[in-house]
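Engineer: This one is input21.txt, compact mmCIF, C-alpha atoms.
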```txt
# COMPACT_ATOMS: atom_id res chain seq x y z
CA MET A 9 26.33 38.36 -25.81
CA ASP A 10 26.77 35.19 -23.76
CA THR A 11 27.13 36.05 -20.09
CA ASN A 12 28.06 32.52 -19.04
CA PRO A 13 31.54 31.34 -20.08
CA ALA A 14 31.69 27.71 -21.26
CA PRO A 15 32.96 26.29 -17.93
CA ILE A 16 29.83 27.54 -16.17
CA LEU A 17 27.16 25.79 -18.26
CA GLU A 18 28.33 24.35 -21.56
CA PHE A 19 30.86 21.84 -20.21
CA ILE A 20 28.17 20.44 -17.90
CA PHE A 21 25.53 20.16 -20.62
CA ASP A 22 28.05 18.74 -23.10
CA THR A 23 28.92 16.07 -20.53
CA THR A 24 25.24 15.26 -20.00
CA ARG A 25 24.59 15.08 -23.75
CA ASN A 26 27.53 12.76 -24.34
CA LEU A 27 26.68 10.43 -21.46
CA SER A 28 23.09 10.30 -22.68
CA ASP A 29 24.33 9.38 -26.16
CA LEU A 30 26.60 6.64 -24.79
CA LEU A 31 23.64 5.13 -22.97
CA PHE A 32 20.71 5.57 -25.33
CA THR A 33 22.42 4.88 -28.65
CA GLY A 34 23.50 1.53 -27.24
CA THR A 35 27.19 2.42 -27.45
CA ALA A 36 27.89 1.44 -23.84
CA SER A 37 25.82 -1.77 -24.10
CA ARG A 38 27.56 -2.83 -27.32
CA ASN A 39 31.01 -2.19 -25.83
CA GLN A 40 30.73 -3.93 -22.49
CA ASN A 41 34.50 -4.33 -22.12
CA LEU A 42 35.01 -0.56 -22.15
CA LYS A 43 35.13 1.42 -18.92
CA TRP A 44 34.02 5.04 -19.07
CA ILE A 45 35.11 7.92 -16.83
CA ILE A 46 32.52 10.67 -16.95
CA PRO A 47 33.63 14.12 -15.83
CA HIS A 48 31.86 16.63 -13.62
CA CYS A 49 30.21 14.11 -11.28
CA GLY A 50 27.86 12.96 -14.02
CA ALA A 51 26.90 16.57 -14.84
CA THR A 52 23.09 16.95 -14.81
CA ILE A 53 22.38 13.22 -15.05
CA PRO A 54 21.17 12.93 -11.43
CA SER A 55 18.53 15.59 -12.12
CA LEU A 56 17.57 14.39 -15.60
CA ILE A 57 17.88 10.58 -15.49
CA ASP A 58 14.15 9.95 -15.00
CA ARG A 59 13.27 12.30 -17.87
CA LEU A 60 15.93 10.82 -20.16
CA VAL A 61 14.75 7.25 -19.54
CA ALA A 62 11.07 8.11 -20.03
CA LEU A 63 11.48 10.28 -23.12
CA ASN A 64 14.01 7.98 -24.77
CA SER A 65 11.51 5.14 -24.79
CA MET A 66 8.83 7.42 -26.28
CA LEU A 67 10.68 9.53 -28.83
CA GLY A 68 13.55 7.71 -30.47
CA PHE A 69 15.67 9.28 -33.23
CA LYS A 70 14.69 10.85 -36.54
CA PRO A 71 14.03 8.25 -39.27
CA GLU A 72 16.74 9.75 -41.50
CA SER A 73 19.33 9.37 -38.74
CA ASP A 74 21.94 6.64 -38.98
CA ARG A 75 21.96 6.40 -35.20
CA THR A 76 20.12 3.66 -33.42
CA ARG A 77 18.09 4.02 -30.26
CA GLU A 78 18.28 1.61 -27.38
CA PRO A 79 15.33 1.63 -25.01
CA LEU A 80 16.73 1.37 -21.49
CA SER A 81 14.89 1.16 -18.22
CA TYR A 82 16.07 3.00 -15.13
CA GLU A 83 17.39 -0.34 -13.84
CA ASP A 84 19.27 -0.91 -17.12
CA VAL A 85 21.00 2.46 -16.71
CA LEU A 86 21.94 1.67 -13.11
CA HIS A 87 23.34 -1.69 -14.24
CA LEU A 88 25.48 0.00 -16.91
CA PHE A 89 26.68 2.55 -14.34
CA GLU A 90 27.61 -0.27 -11.96
CA LYS A 91 29.53 -2.30 -14.55
CA GLN A 92 31.12 0.30 -16.83
CA PHE A 93 31.07 3.85 -15.48
CA TRP A 94 33.09 5.95 -13.05
CA PHE A 95 32.60 9.64 -12.33
CA ASP A 96 35.26 12.22 -11.62
CA LEU A 97 34.69 14.99 -9.13
CA ALA A 98 36.24 17.88 -11.05
CA GLY A 99 34.71 21.25 -10.30
CA THR A 100 32.51 21.88 -7.30
CA PRO A 101 30.17 18.88 -6.89
CA ILE A 102 30.21 18.45 -3.12
CA ARG A 103 27.51 20.68 -1.70
CA ASN A 104 24.62 19.38 -3.84
CA GLN A 105 25.45 17.44 -6.99
CA ILE A 106 27.26 14.48 -5.42
CA HIS A 107 24.20 13.50 -3.39
CA GLY A 108 22.21 12.72 -6.54
CA MET A 109 25.05 10.67 -8.02
CA MET A 110 25.52 8.77 -4.75
CA ARG A 111 21.86 7.73 -4.97
CA LEU A 112 22.57 6.38 -8.47
CA VAL A 113 26.00 4.76 -8.04
CA GLY A 114 26.86 4.53 -4.35
CA ARG A 115 30.21 5.79 -3.07
CA THR A 116 32.81 3.63 -4.81
CA LYS A 117 32.43 4.95 -8.37
CA PHE A 118 33.95 8.39 -7.77
CA LEU A 119 37.44 9.47 -8.82
CA TYR A 120 39.42 12.59 -8.05
CA GLY A 121 39.49 14.99 -11.01
CA SER A 122 41.00 18.44 -11.36
CA ASP A 123 40.30 19.78 -14.89
CA VAL A 124 43.98 20.81 -15.10
CA PRO A 125 45.21 22.35 -17.42
CA PHE A 126 41.87 24.08 -18.14
CA THR A 127 41.68 25.02 -14.48
CA PRO A 128 44.82 26.90 -13.42
CA PHE A 129 47.01 25.04 -10.91
CA LYS A 130 46.40 27.54 -8.11
CA ALA A 131 42.63 27.27 -8.52
CA ALA A 132 42.84 23.47 -8.82
CA LYS A 133 44.75 23.30 -5.53
CA GLY A 134 42.00 25.27 -3.78
CA LEU A 135 39.30 23.11 -5.35
CA ALA A 136 41.15 19.94 -4.29
CA GLU A 137 41.38 21.16 -0.70
CA GLY A 138 37.67 22.01 -0.71
CA LEU A 139 36.83 18.64 -2.24
CA GLU A 140 38.79 16.72 0.38
CA ALA A 141 37.22 18.71 3.23
CA GLY A 142 33.74 18.17 1.78
CA LEU A 143 34.33 14.45 1.25
CA LYS A 144 35.40 14.08 4.88
CA GLU A 145 32.01 15.45 5.93
CA LEU A 146 30.12 13.05 3.64
CA MET A 147 32.10 9.83 3.74
CA GLU A 148 34.06 7.50 5.94
CA GLU A 149 37.86 7.70 5.85
CA ASP A 150 38.22 4.62 3.61
CA GLU A 151 35.66 6.04 1.15
CA VAL A 152 37.56 9.35 0.97
CA ARG A 153 40.75 7.40 0.29
CA GLY A 154 38.82 5.57 -2.42
CA VAL A 155 37.93 8.82 -4.16
CA LEU A 156 41.45 10.19 -3.85
CA CYS A 157 43.22 7.05 -5.15
CA GLY A 158 41.71 3.66 -4.21
CA ASN A 159 38.88 3.66 -6.74
CA ALA A 160 41.34 4.55 -9.52
CA GLU A 161 43.64 1.75 -8.36
CA ARG A 162 40.78 -0.74 -8.70
CA LEU A 163 39.64 0.67 -12.04
CA PHE A 164 43.11 0.55 -13.61
CA GLY A 165 44.39 -2.50 -11.72
CA VAL A 166 47.41 -0.68 -10.31
CA ASP A 167 48.86 0.19 -6.91
CA LEU A 168 49.43 3.92 -6.52
```
If you convert what's in this file into C-alpha cells, what do you get?

Structural biologist:
Amino acid sequence: MDTNPAPILEFIFDTTRNLSDLLFTGTASRNQNLKWIIPHCGATIPSLIDRLVALNSMLGFKPESDRTREPLSYEDVLHLFEKQFWFDLAGTPIRNQIHGMMRLVGRTKFLYGSDVPFTPFKAAKGLAEGLEAGLKELMEEDEVRGVLCGNAERLFGVDL
C-alpha cells in the first residue's frame, strides 16, 4: 500500500520528469517562441540538474525510441531557463527549495501559484499567507511584488 498520496511525491517527480523531457528532447530549443510555466518551483530540478546534464550527454535514448536526444550543457540549460521558463511557487517551496532555484534563475522568474482547485481554498489561503511571509524574509519588496503579480505582468504583457 502506498503511504504517500500523489501530492506528496508523485506531482513533484512528474514535474521533474516533464521538465527534463522538455529540455533534453530538444522540445524547448525547437520551440523558442514558447514560454513555459513550470509548477512546484521547478520540483527537484535544483537538486538534480547536474546529474541530468551529465547523464543526458552519456546515455541518450533507446535506439528503438522515436524521441531524439539533445545534449545540453549546464550553461545551455540556464540559457533556456532565462529565455523561456518561469516557475510557480505552488506548495511549500520557501524554506529550502526556492534557494536552489534562485541559484539557477535569479529572483525574477517566479510566479505565484496556488494549485487550486486541487488544493482546497482554505488550505490555499494559508499557503499563500505563508508564502508571502516567507518571501518577505528572502526578497526585497519589489521582488515580492514581482512574484505576486509583476513577473506575470511581464510574462503575459498585461497590467494587473

Engineer: Can you tell me how far CA of Glu78 (chain A) sits from CA of Ile20 (chain A), in Å to one decimal?

Structural biologist: 23.3 Å

Engineer: Region 24-99 of chain A near region 125-137 of chain A within 10 Å: what's each residue's closest atom pair and its distance in Å to one decimal, counting all atoms listed in the file, ordered by chain then ascending residue number, as JSON lines?

Structural biologist:
```
{"residue": "A:Leu97", "atom": "CA", "partner": "A:Ala136", "partner_atom": "CA", "distance": 9.5}
{"residue": "A:Ala98", "atom": "CA", "partner": "A:Leu135", "partner_atom": "CA", "distance": 8.3}
{"residue": "A:Gly99", "atom": "CA", "partner": "A:Leu135", "partner_atom": "CA", "distance": 7.0}
```

Engineer: Have a look at A:Ile106, A:Asp123, A:Lys43, A:Ser65 and name the one nearest to Glu90 (chain A); count all atoms listed in the file.

Structural biologist: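 Residue with the minimum atom-to-atom distance to Glu90 (chain A): A:Lys43.
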
Engineer: List the residues sitting within 10 Å of (26.1, 10.4, -8.4) in the file's frame, using only C-alpha atoms, as a ChimeraX atom specification.

Structural biologist: /A:48-55,89,94-97,101,105-115,117-118

Engineer: Identify, on the basis of only C-alpha atoms, every residue whose closest approach to Leu80 (chain A) does not exceed 7 Å; exclude the query and any residue fewer than 4 positions from it along the same chain; express the result as a CSV table (one decimal) with C-alpha atoms, in the frame of the given file.

Structural biologist:
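Printed below is result-v2.csv as written:
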```csv
chain,number,residue,atom,x,y,z
A,32,PHE,CA,20.7,5.6,-25.3
A,61,VAL,CA,14.8,7.2,-19.5
A,84,ASP,CA,19.3,-0.9,-17.1
A,85,VAL,CA,21.0,2.5,-16.7
```

Engineer: May I ask for the distance between CA of Leu119 (chain A) and CA of Ala141 (chain A), given in Å to one decimal place?

Structural biologist: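 Distance reported for this atom pair: 15.2 Å.
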
Engineer: Considering only C-alpha atoms, state which residue in the set A:Glu145, A:Tyr82, A:Ile45, A:Ala36 is at the smallest distance from Ile57 (chain A).

Structural biologist: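 Using only C-alpha atoms, the shortest distance to Ile57 (chain A) belongs to A:Tyr82.
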
Engineer: Rounded to one decimal place, report the CA of Gly34 (chain A)-CA of Thr76 (chain A) distance in Å.

Structural biologist: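 Computing the Euclidean distance for CA of Gly34 (chain A) and CA of Thr76 (chain A) yields 7.4 Å.
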